[in-house]
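Colleague: My structure file final.tsv, TSV, C-alpha atoms, is below:
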chain	number	residue	atom	x	y	z
A	1	MET	CA	0.00	0.00	0.00
A	2	ALA	CA	1.35	3.41	-0.93
A	3	SER	CA	1.80	5.96	1.82
A	4	GLU	CA	1.38	9.62	0.98
A	5	ILE	CA	4.12	12.14	1.57
A	6	ARG	CA	2.43	15.27	2.88
A	7	ILE	CA	3.95	18.62	3.74
A	8	PRO	CA	4.33	18.69	7.56
A	9	LYS	CA	3.40	21.50	9.92
A	10	LEU	CA	6.72	22.90	11.14
A	11	GLY	CA	5.73	25.55	13.65
A	12	MET	CA	2.96	27.70	15.05
A	13	SER	CA	2.78	30.11	12.11
A	14	ALA	CA	4.12	27.96	9.25
A	15	GLN	CA	1.29	27.60	6.71
A	16	THR	CA	3.40	27.22	3.58
A	17	VAL	CA	6.90	25.96	2.84
A	18	VAL	CA	9.18	25.83	-0.17
A	19	LEU	CA	10.16	22.33	-1.26
A	20	ASN	CA	13.91	22.72	-1.61
A	21	GLU	CA	15.33	19.46	-2.85
A	22	TRP	CA	14.52	15.80	-3.32
A	23	MET	CA	17.25	13.43	-2.14
A	24	PHE	CA	15.90	10.49	-4.16
A	25	GLY	CA	14.67	10.15	-7.72
A	26	ASP	CA	11.49	8.50	-8.96
A	27	GLY	CA	11.61	4.72	-8.49
A	28	GLU	CA	14.51	4.70	-6.05
A	29	THR	CA	14.27	2.72	-2.84
A	30	VAL	CA	14.28	4.55	0.49
A	31	ALA	CA	14.54	3.21	4.04
A	32	LYS	CA	12.60	4.44	7.06
A	33	GLY	CA	14.57	7.31	8.56
A	34	ASP	CA	16.27	8.41	5.31
A	35	VAL	CA	16.12	12.12	4.61
A	36	ILE	CA	13.93	12.17	1.50
A	37	TYR	CA	13.54	15.90	0.94
A	38	THR	CA	14.24	19.26	2.50
A	39	VAL	CA	11.89	22.19	2.94
A	40	GLU	CA	12.40	25.81	3.81
A	41	THR	CA	10.10	27.63	6.19
A	42	ASP	CA	10.23	31.36	6.89
A	43	LYS	CA	12.72	30.53	9.67
A	44	THR	CA	14.80	27.52	8.78
A	45	THR	CA	15.55	24.56	6.54
A	46	VAL	CA	14.26	21.20	7.74
A	47	ASP	CA	15.18	17.66	6.67
A	48	ILE	CA	12.14	15.44	6.19
A	49	GLU	CA	12.67	11.76	6.91
A	50	ALA	CA	10.79	8.82	5.41
A	51	GLN	CA	8.39	7.24	7.89
A	52	ALA	CA	8.16	4.09	5.78
A	53	GLY	CA	10.56	2.22	3.54
A	54	GLY	CA	9.81	1.45	-0.11
A	55	VAL	CA	9.94	2.85	-3.62
A	56	ILE	CA	9.57	6.60	-3.74
A	57	HIS	CA	7.63	8.61	-6.31
A	58	PRO	CA	8.18	12.34	-5.80
A	59	THR	CA	5.56	14.56	-7.45
A	60	GLY	CA	6.25	17.89	-5.76
A	61	GLU	CA	8.46	20.30	-7.68
A	62	GLU	CA	11.71	21.65	-6.28
A	63	GLY	CA	11.46	25.37	-5.67
A	64	ALA	CA	7.66	25.37	-5.54
A	65	THR	CA	5.64	26.56	-2.54
A	66	TYR	CA	3.25	24.12	-0.89
A	67	LYS	CA	0.67	24.36	1.88
A	68	VAL	CA	0.80	22.22	5.01
A	69	GLY	CA	-0.93	18.93	4.17
A	70	ASP	CA	-0.31	19.06	0.39
A	71	ILE	CA	0.67	15.69	-1.11
A	72	VAL	CA	4.11	15.85	-2.72
A	73	GLY	CA	4.74	12.20	-3.43
A	74	THR	CA	4.20	8.61	-2.34
A	75	ILE	CA	6.21	5.70	-0.98
A	76	GLU	CA	5.03	2.19	-1.93
B	1	MET	CA	19.78	4.94	49.73
B	2	ALA	CA	17.72	1.75	49.52
B	3	ASP	CA	17.38	0.14	46.11
B	4	ILE	CA	14.16	0.79	44.21
B	5	ASP	CA	12.18	-2.46	44.32
B	6	ARG	CA	11.56	-4.43	41.12
B	7	ASP	CA	7.84	-3.70	40.93
B	8	LYS	CA	8.46	0.01	41.17
B	9	LEU	CA	11.27	-0.22	38.62
B	10	ARG	CA	8.95	-2.00	36.20
B	11	ASP	CA	6.37	0.70	36.82
B	12	ILE	CA	8.87	3.49	36.13
B	13	TYR	CA	10.22	1.73	33.03
B	14	THR	CA	6.70	1.25	31.67
B	15	ARG	CA	5.79	4.89	32.26
B	16	THR	CA	9.09	6.06	30.75
B	17	MET	CA	8.63	4.00	27.60
B	18	LYS	CA	5.01	5.07	27.31
B	19	VAL	CA	6.21	8.68	27.20
B	20	ASN	CA	9.00	7.85	24.77
B	21	ARG	CA	6.91	5.77	22.36
B	22	THR	CA	4.17	8.41	22.37
B	23	ASP	CA	6.78	11.04	21.50
B	24	GLU	CA	8.25	8.91	18.71
B	25	LYS	CA	4.79	8.21	17.28
B	26	PHE	CA	3.80	11.86	17.42
B	27	ARG	CA	6.93	12.97	15.60
B	28	ALA	CA	6.43	10.28	12.93
B	29	LEU	CA	2.82	11.38	12.32
B	30	LEU	CA	3.92	15.01	12.08
B	31	MET	CA	6.85	14.19	9.80
B	32	GLU	CA	4.69	12.36	7.29
B	33	GLY	CA	2.15	15.17	7.40
B	34	LYS	CA	-0.67	12.95	8.64
B	35	VAL	CA	-1.25	15.24	11.59
B	36	ALA	CA	-0.76	19.04	11.54
B	37	VAL	CA	-0.75	20.42	15.10
B	38	MET	CA	1.76	22.02	17.46
B	39	TYR	CA	3.79	19.50	19.41
B	40	TYR	CA	6.59	20.08	21.89
B	41	CYS	CA	8.91	17.06	21.86
B	42	VAL	CA	9.89	15.45	25.17
B	43	ARG	CA	12.76	13.28	23.93
B	44	GLY	CA	15.38	13.25	26.70
B	45	GLN	CA	12.96	14.17	29.50
B	46	GLU	CA	10.95	10.96	29.63
B	47	LEU	CA	12.43	9.65	32.87
B	48	VAL	CA	11.86	12.86	34.83
B	49	SER	CA	8.13	12.77	34.07
B	50	ALA	CA	7.86	9.03	34.67
B	51	ALA	CA	9.71	9.11	38.01
B	52	ALA	CA	7.69	12.11	39.19
B	53	MET	CA	4.35	10.54	38.30
B	54	ALA	CA	5.40	7.21	39.81
B	55	ALA	CA	6.07	8.98	43.11
B	56	LEU	CA	2.53	10.42	43.22
B	57	GLU	CA	-0.74	8.75	44.16
B	58	ASP	CA	-3.36	8.37	41.44
B	59	ASP	CA	-5.59	11.12	42.86
B	60	ASP	CA	-2.82	13.69	43.35
B	61	TYR	CA	-3.01	16.81	41.19
B	62	VAL	CA	-0.67	17.82	38.37
B	63	VAL	CA	-0.27	21.09	36.51
B	64	CYS	CA	1.96	20.97	33.46
B	65	THR	CA	3.09	22.96	30.46
B	66	TYR	CA	2.69	22.60	26.72
B	67	ARG	CA	5.71	20.26	26.92
B	68	GLY	CA	3.51	18.13	29.16
B	69	GLN	CA	3.08	14.91	27.23
B	70	GLY	CA	5.33	13.16	29.74
B	71	GLU	CA	3.29	14.10	32.79
B	72	GLN	CA	-0.01	13.53	31.00
B	73	THR	CA	0.64	10.03	29.68
B	74	ALA	CA	2.74	8.90	32.64
B	75	LYS	CA	0.02	10.02	35.08
B	76	GLY	CA	-2.38	7.78	33.21
B	77	ILE	CA	-4.74	9.78	31.02
B	78	PRO	CA	-6.64	7.13	29.00
B	79	ILE	CA	-4.58	7.02	25.86
B	80	LYS	CA	-7.49	7.15	23.40
B	81	LYS	CA	-8.77	10.31	25.08
B	82	TRP	CA	-5.26	11.79	24.98
B	83	TRP	CA	-4.79	11.20	21.26
B	84	GLY	CA	-8.35	12.31	20.59
B	85	GLU	CA	-7.65	15.66	22.24
B	86	CYS	CA	-4.31	16.13	20.49
B	87	LEU	CA	-5.97	15.59	17.13
B	88	GLY	CA	-8.85	17.93	18.02
B	89	LYS	CA	-11.50	15.21	17.97
B	90	GLU	CA	-14.71	14.95	20.01
B	91	THR	CA	-13.34	11.81	21.70
B	92	GLY	CA	-10.66	13.93	23.42
B	93	THR	CA	-10.33	14.86	27.07
B	94	CYS	CA	-11.78	18.31	26.29
B	95	LYS	CA	-13.96	17.14	23.39
B	96	GLY	CA	-11.29	18.35	20.99
B	97	LYS	CA	-11.51	21.99	22.04
B	98	GLY	CA	-8.28	22.18	24.03
B	99	GLY	CA	-5.76	20.51	21.76
B	100	THR	CA	-2.16	19.70	22.62
B	101	MET	CA	-1.62	22.96	24.52
B	102	HIS	CA	-4.56	22.58	26.90
B	103	ILE	CA	-4.94	18.94	27.89
B	104	THR	CA	-7.12	18.64	31.00
B	105	ASP	CA	-8.34	15.41	32.58
B	106	PRO	CA	-9.43	15.85	36.21
B	107	ASP	CA	-10.27	12.12	36.48
B	108	THR	CA	-6.56	11.33	36.38
B	109	GLY	CA	-5.44	14.48	38.19
B	110	ILE	CA	-4.17	16.37	35.14
B	111	MET	CA	-5.87	19.59	36.18
B	112	VAL	CA	-4.36	22.18	33.84
B	113	THR	CA	-1.94	22.31	30.92
B	114	THR	CA	-0.86	25.87	30.41
B	115	GLY	CA	0.52	27.47	27.28
B	116	VAL	CA	1.95	30.45	29.15
B	117	VAL	CA	5.46	29.95	30.55
B	118	GLY	CA	5.49	30.05	34.36
B	119	SER	CA	1.74	30.44	34.74
B	120	GLY	CA	1.22	27.00	36.25
B	121	LEU	CA	2.87	27.72	39.59
B	122	PRO	CA	0.26	30.07	41.09
B	123	ILE	CA	-2.47	27.76	39.76
B	124	ALA	CA	-0.82	24.83	41.57
B	125	ASN	CA	-0.87	26.86	44.78
B	126	GLY	CA	-4.62	27.25	44.41
B	127	LEU	CA	-5.13	23.50	44.01
B	128	ALA	CA	-2.82	22.79	46.95
B	129	MET	CA	-4.62	25.33	49.10
B	130	ALA	CA	-7.92	23.65	48.28
B	131	SER	CA	-6.49	20.30	49.37
B	132	GLN	CA	-5.13	21.87	52.55
B	133	ASN	CA	-8.51	23.42	53.36
B	134	ASN	CA	-10.42	20.26	52.50
B	135	GLY	CA	-7.95	17.99	54.29
B	136	ASP	CA	-8.05	15.54	51.39
B	137	GLY	CA	-4.39	14.54	51.74
B	138	ARG	CA	-3.56	15.25	48.11
B	139	VAL	CA	-0.38	16.91	46.94
B	140	THR	CA	-0.11	19.03	43.79
B	141	LEU	CA	2.90	18.80	41.50
B	142	VAL	CA	3.60	21.55	39.01
B	143	SER	CA	6.11	21.01	36.25
B	144	PHE	CA	7.92	23.81	34.44
B	145	GLY	CA	11.22	24.54	32.76
B	146	ASP	CA	14.35	26.49	33.68
B	147	GLY	CA	13.14	29.49	31.68
B	148	ALA	CA	9.99	29.69	33.80
B	149	ALA	CA	12.11	30.03	36.94
B	150	ASN	CA	12.75	33.66	35.94
B	151	ILE	CA	9.10	34.61	35.59
B	152	GLY	CA	7.57	36.77	38.33
B	153	GLY	CA	4.90	34.17	39.03
B	154	PHE	CA	7.59	31.70	40.06
B	155	HIS	CA	8.80	33.92	42.91
B	156	GLU	CA	5.31	34.88	44.03
B	157	ALA	CA	4.17	31.28	44.08
B	158	MET	CA	7.26	30.06	45.93
B	159	ASN	CA	6.87	32.67	48.64
B	160	MET	CA	3.17	32.06	49.10
B	161	ALA	CA	3.49	28.27	49.11
B	162	GLN	CA	6.14	28.36	51.83
B	163	LEU	CA	4.25	30.95	53.89
B	164	TYR	CA	1.15	28.76	54.02
B	165	LYS	CA	3.07	25.43	54.01
B	166	LEU	CA	1.10	24.31	50.98
B	167	PRO	CA	1.35	20.65	49.89
B	168	VAL	CA	2.90	21.48	46.53
B	169	ILE	CA	5.96	20.21	44.68
B	170	PHE	CA	7.59	22.62	42.25
B	171	LEU	CA	9.33	20.43	39.68
B	172	CYS	CA	11.75	22.40	37.55
B	173	GLN	CA	12.81	20.31	34.58
B	174	ASN	CA	16.09	22.05	33.87
B	175	ASN	CA	16.67	21.00	30.27
B	176	ARG	CA	19.31	23.72	29.80
B	177	TYR	CA	17.28	25.73	27.27
B	178	GLY	CA	14.53	28.30	27.80
B	179	GLU	CA	12.86	27.95	24.39
B	180	HIS	CA	15.86	28.75	22.13
B	181	THR	CA	18.07	30.39	24.78
B	182	ALA	CA	20.79	28.47	26.62
B	183	TYR	CA	20.65	28.46	30.43
B	184	ALA	CA	23.83	30.53	30.79
B	185	ASP	CA	22.32	33.21	28.54
B	186	HIS	CA	19.20	33.66	30.68
B	187	THR	CA	20.35	32.86	34.24
B	188	ASP	CA	23.50	33.66	36.18
B	189	SER	CA	22.79	31.64	39.32
B	190	PRO	CA	24.49	28.23	39.16
B	191	ASP	CA	21.26	26.36	39.73
B	192	ILE	CA	17.53	26.80	40.38
B	193	SER	CA	17.15	24.52	43.41
B	194	SER	CA	19.29	26.75	45.65
B	195	ARG	CA	16.72	29.52	45.22
B	196	ALA	CA	14.47	27.52	47.58
B	197	ALA	CA	16.61	28.69	50.50
B	198	GLY	CA	15.61	32.28	49.76
B	199	TYR	CA	12.03	31.39	50.65
B	200	GLY	CA	12.95	29.14	53.59
B	201	MET	CA	11.88	26.20	51.44
B	202	LYS	CA	13.33	22.74	51.00
B	203	GLY	CA	15.24	22.40	47.71
B	204	ILE	CA	16.50	19.23	46.06
B	205	LYS	CA	18.68	18.91	42.97
B	206	ALA	CA	18.60	15.56	41.19
B	207	ASP	CA	19.96	13.89	38.08
B	208	GLY	CA	16.93	13.44	35.84
B	209	ASN	CA	18.80	10.93	33.69
B	210	ASP	CA	19.44	8.50	36.55
B	211	VAL	CA	16.48	6.61	37.97
B	212	ASN	CA	18.39	5.93	41.19
B	213	ASP	CA	18.70	9.64	41.80
B	214	ILE	CA	15.52	11.20	40.45
B	215	TYR	CA	13.00	8.69	41.80
B	216	PRO	CA	14.18	8.82	45.46
B	217	ALA	CA	14.32	12.62	45.17
B	218	MET	CA	10.71	12.72	44.01
B	219	VAL	CA	9.60	10.35	46.77
B	220	GLU	CA	11.35	12.53	49.35
B	221	ALA	CA	9.68	15.65	47.97
B	222	VAL	CA	6.22	14.09	47.86
B	223	GLU	CA	6.53	12.74	51.43
B	224	HIS	CA	7.67	16.12	52.68
B	225	ALA	CA	4.77	17.95	51.04
B	226	ARG	CA	2.18	15.38	52.07
B	227	SER	CA	3.32	15.36	55.68
B	228	GLY	CA	2.37	19.00	56.10
B	229	LYS	CA	5.94	20.31	56.25
B	230	GLY	CA	5.33	22.51	53.23
B	231	PRO	CA	6.40	22.79	49.62
B	232	VAL	CA	9.57	21.52	47.95
B	233	LEU	CA	11.45	22.79	44.93
B	234	VAL	CA	12.97	19.93	42.94
B	235	GLU	CA	15.36	20.71	40.12
B	236	ALA	CA	15.70	17.75	37.78
B	237	MET	CA	18.72	18.11	35.53
B	238	CYS	CA	17.94	16.78	32.06
B	239	TYR	CA	18.33	17.50	28.37
B	240	ARG	CA	15.90	18.45	25.65
B	241	MET	CA	17.23	16.37	22.81
B	242	MET	CA	15.23	18.14	20.09
B	243	GLY	CA	14.28	21.69	19.14
B	244	HIS	CA	11.84	23.78	21.17
B	245	PHE	CA	8.92	22.40	19.13
B	246	PHE	CA	8.56	19.92	16.31
B	247	GLY	CA	10.12	21.42	13.19
B	248	ALA	CA	12.20	23.98	15.10
B	249	ASP	CA	15.82	24.37	14.18
B	250	PHE	CA	18.22	23.51	17.00
B	251	SER	CA	21.52	23.87	15.20
B	252	TYR	CA	22.32	26.52	17.84
B	253	MET	CA	23.11	23.74	20.31
B	254	PRO	CA	26.92	23.46	20.47
B	255	GLU	CA	28.50	20.15	19.45
B	256	GLU	CA	29.85	19.59	22.96
B	257	HIS	CA	26.35	19.98	24.38
B	258	ILE	CA	24.94	17.47	21.91
B	259	ALA	CA	27.72	14.97	22.71
B	260	GLU	CA	27.08	15.45	26.44
B	261	MET	CA	23.34	14.88	26.14
B	262	LYS	CA	23.77	11.81	23.99
B	263	ALA	CA	26.10	10.32	26.61
B	264	GLU	CA	23.53	11.06	29.32
B	265	ASP	CA	20.48	9.78	27.39
B	266	PRO	CA	18.19	8.42	30.14
B	267	LEU	CA	16.79	5.55	28.06
B	268	PRO	CA	19.90	3.34	27.65
B	269	LYS	CA	20.87	4.19	31.23
B	270	LEU	CA	17.49	3.05	32.53
B	271	ARG	CA	17.60	-0.09	30.42
B	272	LYS	CA	21.00	-0.92	31.94
B	273	VAL	CA	19.58	-0.55	35.45
B	274	MET	CA	16.68	-2.84	34.50
B	275	LEU	CA	19.05	-5.52	33.22
B	276	GLU	CA	21.11	-5.22	36.40
B	277	HIS	CA	17.91	-6.00	38.30
B	278	GLN	CA	17.47	-9.24	36.37
B	279	PHE	CA	14.85	-8.06	33.92
B	280	THR	CA	15.49	-9.80	30.60
B	281	GLU	CA	15.79	-8.12	27.20
B	282	ASP	CA	12.66	-10.05	26.14
B	283	GLU	CA	10.65	-8.79	29.09
B	284	LEU	CA	11.64	-5.20	28.39
B	285	ASP	CA	10.95	-5.56	24.67
B	286	SER	CA	7.53	-6.99	25.33
B	287	ILE	CA	6.64	-4.04	27.58
B	288	VAL	CA	7.49	-1.71	24.69
B	289	ALA	CA	5.63	-3.85	22.13
B	290	GLU	CA	2.52	-3.75	24.28
B	291	ILE	CA	2.76	0.04	24.55
B	292	ASP	CA	3.25	0.39	20.78
B	293	ALA	CA	0.18	-1.73	20.06
B	294	GLU	CA	-1.89	0.35	22.46
B	295	ILE	CA	-0.65	3.59	20.87
B	296	ASP	CA	-1.30	2.38	17.31
B	297	GLU	CA	-4.87	1.48	18.25
B	298	ALA	CA	-5.40	4.82	19.99
B	299	VAL	CA	-4.00	6.81	17.06
B	300	GLN	CA	-6.27	5.03	14.59
B	301	HIS	CA	-9.22	5.59	16.93
B	302	ALA	CA	-8.41	9.32	17.01
B	303	LEU	CA	-7.86	9.57	13.25
B	304	ASP	CA	-11.25	7.91	12.63
B	305	ALA	CA	-13.10	9.98	15.26
B	306	PRO	CA	-15.27	12.95	14.22
B	307	LEU	CA	-14.33	16.56	14.77
B	308	PRO	CA	-16.52	18.35	17.34
B	309	SER	CA	-19.75	19.55	15.76
B	310	THR	CA	-20.48	23.26	15.44
B	311	ASP	CA	-23.18	22.85	18.15
B	312	GLU	CA	-20.34	22.15	20.55
B	313	ILE	CA	-18.46	25.39	20.00
B	314	TYR	CA	-19.96	27.30	22.93
B	315	LYS	CA	-20.60	24.32	25.21
B	316	ASP	CA	-18.38	24.16	28.32
B	317	VAL	CA	-16.98	27.56	27.31
B	318	LEU	CA	-19.60	30.14	28.18
B	319	GLU	CA	-22.13	30.04	30.97
B	320	GLU	CA	-25.53	29.12	29.59
B	321	THR	CA	-28.28	31.56	30.52
B	322	ALA	CA	-31.99	31.04	30.24
Any chance you could put this one into structure tokens?
Modeller:
Amino acid sequence: MASEIRIPKLGMSAQTVVLNEWMFGDGETVAKGDVIYTVETDKTTVDIEAQAGGVIHPTGEEGATYKVGDIVGTIE
Amino acid sequence: MADIDRDKLRDIYTRTMKVNRTDEKFRALLMEGKVAVMYYCVRGQELVSAAAMAALEDDDYVVCTYRGQGEQTAKGIPIKKWWGECLGKETGTCKGKGGTMHITDPDTGIMVTTGVVGSGLPIANGLAMASQNNGDGRVTLVSFGDGAANIGGFHEAMNMAQLYKLPVIFLCQNNRYGEHTAYADHTDSPDISSRAAGYGMKGIKADGNDVNDIYPAMVEAVEHARSGKGPVLVEAMCYRMMGHFFGADFSYMPEEHIAEMKAEDPLPKLRKVMLEHQFTEDELDSIVAEIDAEIDEAVQHALDAPLPSTDEIYKDVLEETA
């Protein structure tokens, strides 16, 4: 079953973030705990770790702004 | 100091791991974006909360802060109600209207969770004064951080509690950071516990990463307060192993500090003590597995639960008039 990768809430006021960089390409295998992408809030850059292992399919675009809860990929 | 007996050690271990596994689960849910709420991580402070709650009776009162997951779960809030509240659902302790910052569950003695630094201490005095007047034998424990020890309410509450010999325990969890500011940058006194002397109060400083130090200290404090001798200020030295809140940068922590806190991590230290007391790895693992299963079920229950209906908005908030 695929698990969705959603933009996390990273602070009281953070409503949107910029997706900085994907660490894995489409179809690559990730392990739980791997940093899969980084985001930039108005305050800092945060590493986002995979919460499940599997094959990753990023759909979010690097450099684009996303809202908290937006789906930016899946892991299956 | 007499050894902590095996039953009590098992109790403390179970409470500690409950706090830890809840913290891990919460961070995982936040990281994958499944849950979008404010959460203040308690990694590194699990043992302090567990030892403190294990030293209390079930009907004693607790006042905690937004970083209160440890006190709340270790005191025994029904876990489904806890997760329900954190996720803002009608199954929560406050029907989803309090959220993570305002968990309240009088049935288990979690009387107030405050979002304002240092505001819990005067509230704890009020609860302790009620117990003193009613003669119900309860003590009240209020938990706060090192930053809160510089708030005016801290000094006012300490003075008043000692004056009236209130049955209250002031538990300062000195995790070395007041939000994003290091202890040395907000306080010049070498410790917080010695301030007790200024009020004529009993003060105890304990290692919050060592069960053999923090648990006896908490028992001593609780006995003192319950016996009518008055309040106690306990300073539990510990580390906050994450940022101020989930998602907060903590690259400001110096490398030496990070190395020190990793070496003092209370979880491997507690596990070592358990093994020394002839608990087996399997026994300890099965305690954790049981907790994980309970948490997974509670999280799913909360995710599936409805949000409070709009009819509920003003209920329990404003006085209803005819």
Colleague: Tell me, counting only C-alpha atoms, for each residue of chain B within 9 Å of chain A, which pair of atoms is nearest and how far apart they are in Å to one decimal, in rows ordered by chain and increasing number, as a Markdown table.
Modeller:
| residue | atom | partner | partner_atom | distance |
| --- | --- | --- | --- | --- |
| B:Ala28 | CA | A:Gln51 | CA | 6.2 |
| B:Leu29 | CA | A:Gln51 | CA | 8.2 |
| B:Leu30 | CA | A:Pro8 | CA | 5.8 |
| B:Met31 | CA | A:Pro8 | CA | 5.6 |
| B:Glu32 | CA | A:Arg6 | CA | 5.7 |
| B:Gly33 | CA | A:Pro8 | CA | 4.1 |
| B:Lys34 | CA | A:Arg6 | CA | 6.9 |
| B:Val35 | CA | A:Pro8 | CA | 7.7 |
| B:Ala36 | CA | A:Lys9 | CA | 5.1 |
| B:Val37 | CA | A:Lys9 | CA | 6.7 |
| B:Met38 | CA | A:Met12 | CA | 6.3 |
| B:Tyr39 | CA | A:Gly11 | CA | 8.6 |
| B:Phe245 | CA | A:Gly11 | CA | 7.1 |
| B:Phe246 | CA | A:Leu10 | CA | 6.2 |
| B:Gly247 | CA | A:Leu10 | CA | 4.2 |
| B:Ala248 | CA | A:Gly11 | CA | 6.8 |
| B:Asp249 | CA | A:Thr44 | CA | 6.3 |
Colleague: Distance atom CA of Lys8 of chain B-atom CA of Phe279 of chain B, one decimal place?
Modeller: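 Going from atom CA of Lys8 of chain B over to atom CA of Phe279 of chain B covers 12.6 Å.
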Colleague: What does the distance between atom CA of Arg27 of chain B and atom CA of Leu267 of chain B come to in Å, to one decimal place?
Modeller: 17.5 Å
Colleague: Would you mind listing what lies within 8 Å of Lys67 of chain A as a ChimeraX atom specification, with all atoms listed in the file counted and same-chain residues fewer than 4 positions away left out?
Modeller: /A:7,15-17
Colleague: To one decimal in Å, tell me the separation between atom CA of Tyr239 of chain B and atom CA of Ala225 of chain B.
Modeller: 26.4 Å
Colleague: Tell me, as a list in words, which residues lie within 9 Å of Ile77 of chain B, counting all atoms listed in the file; anything in the same chain fewer than 2 positions away does not count.
Modeller: Gln72, Thr73, Ala74, Lys75, Ile79, Lys80, Lys81, Trp82, Thr93, Asp105, Asp107, Thr108, Gly109 and Ile110 of chain B
Colleague: For Lys32 of chain A, which residue out of A:Gly53, A:Gly73, A:Gly63, A:Pro58 is the nearest one, using only C-alpha atoms?
Modeller: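 Counting only C-alpha atoms, the residue closest to Lys32 of chain A is A:Gly53.
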Colleague: Would you mind listing what lies within 8 Å of Thr29 of chain A as a list of chain:residue names, with only C-alpha atoms counted and same-chain residues fewer than 3 positions away left out?
Modeller: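 Residues near the query, excluding close chain neighbours: A:Gly53, A:Gly54, A:Val55, A:Ile56.
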Colleague: With C-alpha atoms kept, could you save the residues just selected as a compact mmCIF listing (two decimals), keeping the file's coordinate frame?
Modeller:
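Below is the file that was written, part_38.txt:
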# COMPACT_ATOMS: atom_id res chain seq x y z
CA GLY A 53 10.56 2.22 3.54
CA GLY A 54 9.81 1.45 -0.11
CA VAL A 55 9.94 2.85 -3.62
CA ILE A 56 9.57 6.60 -3.74
Colleague: Please enclose the listed atoms of segment 131-134 of chain B in an axis-aligned box, pad each side by 3 Å, and write out the centre and the three edge lengths in Å, rounded to one decimal, as AutoDock Vina command-line options.
Modeller:
--center_x -7.8 --center_y 21.8 --center_z 51.4 --size_x 11.3 --size_y 9.2 --size_z 10.0
Colleague: Could you produce a table of the residues of segment 162-276 of chain B lying within 9 Å of segment 42-46 of chain B, with the nearest pair of atoms per residue and their separation in Å rounded to one decimal, using all atoms listed in the file, ordered by chain and increasing residue number, as a tab-separated table?
Modeller:
residue	atom	partner	partner_atom	distance
B:Gln173	CA	B:Gln45	CA	8.0
B:Asn175	CA	B:Gln45	CA	7.8
B:Gly208	CA	B:Gln45	CA	7.5
B:Asn209	CA	B:Gln45	CA	7.9
B:Cys238	CA	B:Gln45	CA	6.2
B:Tyr239	CA	B:Gly44	CA	5.4
B:Arg240	CA	B:Gly44	CA	5.3
B:Met241	CA	B:Gly44	CA	5.3
B:Met242	CA	B:Arg43	CA	6.7
B:Met261	CA	B:Gly44	CA	8.1
B:Lys262	CA	B:Gly44	CA	8.9
B:Glu264	CA	B:Gly44	CA	8.8
B:Asp265	CA	B:Gly44	CA	6.2
B:Pro266	CA	B:Gly44	CA	6.6
B:Leu267	CA	B:Gly44	CA	7.9
Colleague: With only C-alpha atoms as the counted atoms, please give the residues lying no more than 7 Å from segment 22-24 of chain A, apart from itself and same-chain residues fewer than 2 positions off, as a list in words.
Modeller: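 After dropping sequence-adjacent residues, the list is Asp26, Glu28, Val35, Ile36, Tyr37 and Thr38 of chain A.
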Colleague: Residues at most 7 Å from Leu141 of chain B, counting only C-alpha atoms, excluding those fewer than 2 positions away in the same chain, as number ranges by chain?
Modeller: B: 61-63, 139, 143, 168-171
Colleague: Copy segment 273-283 of chain B out of the block into a file, keeping N, CA and C atoms, as an mmCIF file, in the first residue's frame.
Modeller:
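Saved the output as decode.cif:
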data_model
loop_
_atom_site.group_PDB
_atom_site.id
_atom_site.type_symbol
_atom_site.label_atom_id
_atom_site.label_comp_id
_atom_site.auth_asym_id
_atom_site.auth_seq_id
_atom_site.Cartn_x
_atom_site.Cartn_y
_atom_site.Cartn_z
ATOM 1 N N VAL B 273 19.996 -0.311 34.055
ATOM 2 C CA VAL B 273 19.582 -0.552 35.447
ATOM 3 C C VAL B 273 18.588 -1.721 35.497
ATOM 4 N N MET B 274 17.669 -1.751 34.527
ATOM 5 C CA MET B 274 16.679 -2.836 34.500
ATOM 6 C C MET B 274 17.361 -4.190 34.344
ATOM 7 N N LEU B 275 18.339 -4.245 33.451
ATOM 8 C CA LEU B 275 19.054 -5.520 33.220
ATOM 9 C C LEU B 275 19.835 -5.920 34.465
ATOM 10 N N GLU B 276 20.378 -4.939 35.147
ATOM 11 C CA GLU B 276 21.110 -5.223 36.400
ATOM 12 C C GLU B 276 20.178 -5.805 37.469
ATOM 13 N N HIS B 277 18.894 -5.475 37.340
ATOM 14 C CA HIS B 277 17.908 -6.001 38.297
ATOM 15 C C HIS B 277 17.210 -7.253 37.758
ATOM 16 N N GLN B 278 17.919 -7.935 36.879
ATOM 17 C CA GLN B 278 17.472 -9.244 36.366
ATOM 18 C C GLN B 278 16.199 -9.209 35.517
ATOM 19 N N PHE B 279 15.875 -8.045 34.965
ATOM 20 C CA PHE B 279 14.846 -8.057 33.923
ATOM 21 C C PHE B 279 15.546 -8.546 32.658
ATOM 22 N N THR B 280 14.846 -9.310 31.825
ATOM 23 C CA THR B 280 15.487 -9.796 30.602
ATOM 24 C C THR B 280 15.183 -8.847 29.447
ATOM 25 N N GLU B 281 16.016 -8.936 28.411
ATOM 26 C CA GLU B 281 15.785 -8.121 27.200
ATOM 27 C C GLU B 281 14.379 -8.399 26.656
ATOM 28 N N ASP B 282 13.990 -9.671 26.662
ATOM 29 C CA ASP B 282 12.663 -10.046 26.137
ATOM 30 C C ASP B 282 11.535 -9.396 26.932
ATOM 31 N N GLU B 283 11.680 -9.413 28.254
ATOM 32 C CA GLU B 283 10.646 -8.791 29.095
ATOM 33 C C GLU B 283 10.511 -7.304 28.765
#
